[in-house]
Structure formats: C-alpha cells, structure tokens
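Here the structure comes first, spelled out in structure tokens, and everything after it is commentary.
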Amino acid sequence: MVGRAATLTCLAALLCVSPASAQDALPGGRAIVATASISPDTHLFAEPVAARVDLVLDPGQLDPDRIQVRMRFPPYKLVGPVKETRREVDELVHVRYTAMIRCLDIECL
C-alpha cells in the first residue's frame with residue numbers, strides 16, 4: 001500500500017515547517033506549503049486507514065477560508081466525513097484534513 005502514500009504525496013509538496021515568522025517559515029515567499037500522508041502506511045485488506053493533508057499558509061497572502069481540498073483515493077472509499085482542524089501558529093495557519101478510508105475491492109490486494 002506504499003503506492004497509495006506515493007500517490008498522496010504527489011498531490012502535495014513535502015516539507016517540514018517549524019514556523020518562526022511567516023517570511024522565515026515558508027520558503028521562497030510561498031503562500032502555502034502542503035504535505036500528505038496515510039497511516040498506517042502498511043495495512044491489511046479492508047482495514048481503515050487515515051489519510052491526511054496538512055496545509056501551512058500565510059494568511060497575509062492567502063485566505064484560509066477560501067481553501068478547498070478535494071481528497072480522492074480510488075479504489076479506496078471514504079468512511080464518514082472528512083474532518084477539518086485549524087490552528088494558528090505564530091503568523092501562520094495550519095489546516096489539517098483527515099479522512100478515514102477503506103478498500104473492499106480486489107484491486108487493493
């Protein structure tokens with residue numbers, strides 16, 4: 001199932017951010033940095049998996065309320081609603097989207 005993690009990470013730029021200020025934290029004056037992950041990265045058939053997209057953005061350049069994230073995981077299916085959490089860290093905003101997914105399709109074997 002590592003391929004699923006690779007697919008998710010292709011949708012986002014991988015970067016660790018430890019914010020000190022908006023200009024220092026986001027490289028090259030970027031307005032947003034995104035990471036994607038799944039856990040556990042190795043799982044059994046039909047086992048629920050947590051898929052996450054983390055966004056760190058500079059609200060001075062990009063309005064966090066205008067962000068829309070579309071999470072797709074074929075052949076996995078969404079189990080319940082996507083959960084959004086948001087917190088401010090210094091001058092930045094961290095938004096996390098968490099989706100529980102599961103696959104009951106032969107393609108997942």
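A note on labels: chains of the structure tokens are A, B, ... as shown, every chain counts residues from 1, and ligands are counted from 1 in their shown order.
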
Exercise for review: Please identify all polymer residues within 9 Å of A:Pro81, counting only C-alpha atoms, omitting same-chain residues fewer than 2 positions from it, and present them as a ChimeraX atom specification.
Suggested key: /A:78-79,83,98-100

For stretch 80-103 of chain A against stretch 43-54 of chain A, with a cut-off of 9 Å and counting only C-alpha atoms, what is the closest atom pair and its distance in Å to one decimal for every residue that makes the cut, ordered by chain and number, as a tab-separated table?
residue	atom	partner	partner_atom	distance
A:His94	CA	A:Asp54	CA	7.1
A:Val95	CA	A:Asp54	CA	5.8
A:Arg96	CA	A:Asp54	CA	4.5
A:Tyr97	CA	A:Val53	CA	5.2
A:Thr98	CA	A:Arg52	CA	4.6
A:Ala99	CA	A:Ala51	CA	5.2
A:Met100	CA	A:Ala50	CA	4.6
A:Ile101	CA	A:Val49	CA	5.3
A:Arg102	CA	A:Pro48	CA	4.8
A:Cys103	CA	A:Ala46	CA	5.1

Point to revise | Separation of atom CA of A:Gly28 from atom CA of A:Met71 in Å | key: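 Taking atom CA of A:Met71 as the start and atom CA of A:Gly28 as the end point, the length is 26.6 Å.
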
Exercise for review: Measure the distance from atom CA of A:Ile106 to atom CA of A:Pro74 in Å and round it to one decimal.
Suggested key: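 Calculated distance between atom CA of A:Ile106 and atom CA of A:Pro74 is 12.0 Å.
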
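The interatomic distance for the pair atom CA of A:Arg87 and atom CA of A:Arg66 works out to 15.6 Å.
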
Practice item. Rank A:Lys77, A:Arg86, A:Arg72, A:Arg30 by their smallest atom-to-atom distance to A:Cys108, using only C-alpha atoms, and report the top residue only. Key: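 Ranked by minimum distance to A:Cys108, first place goes to A:Lys77.
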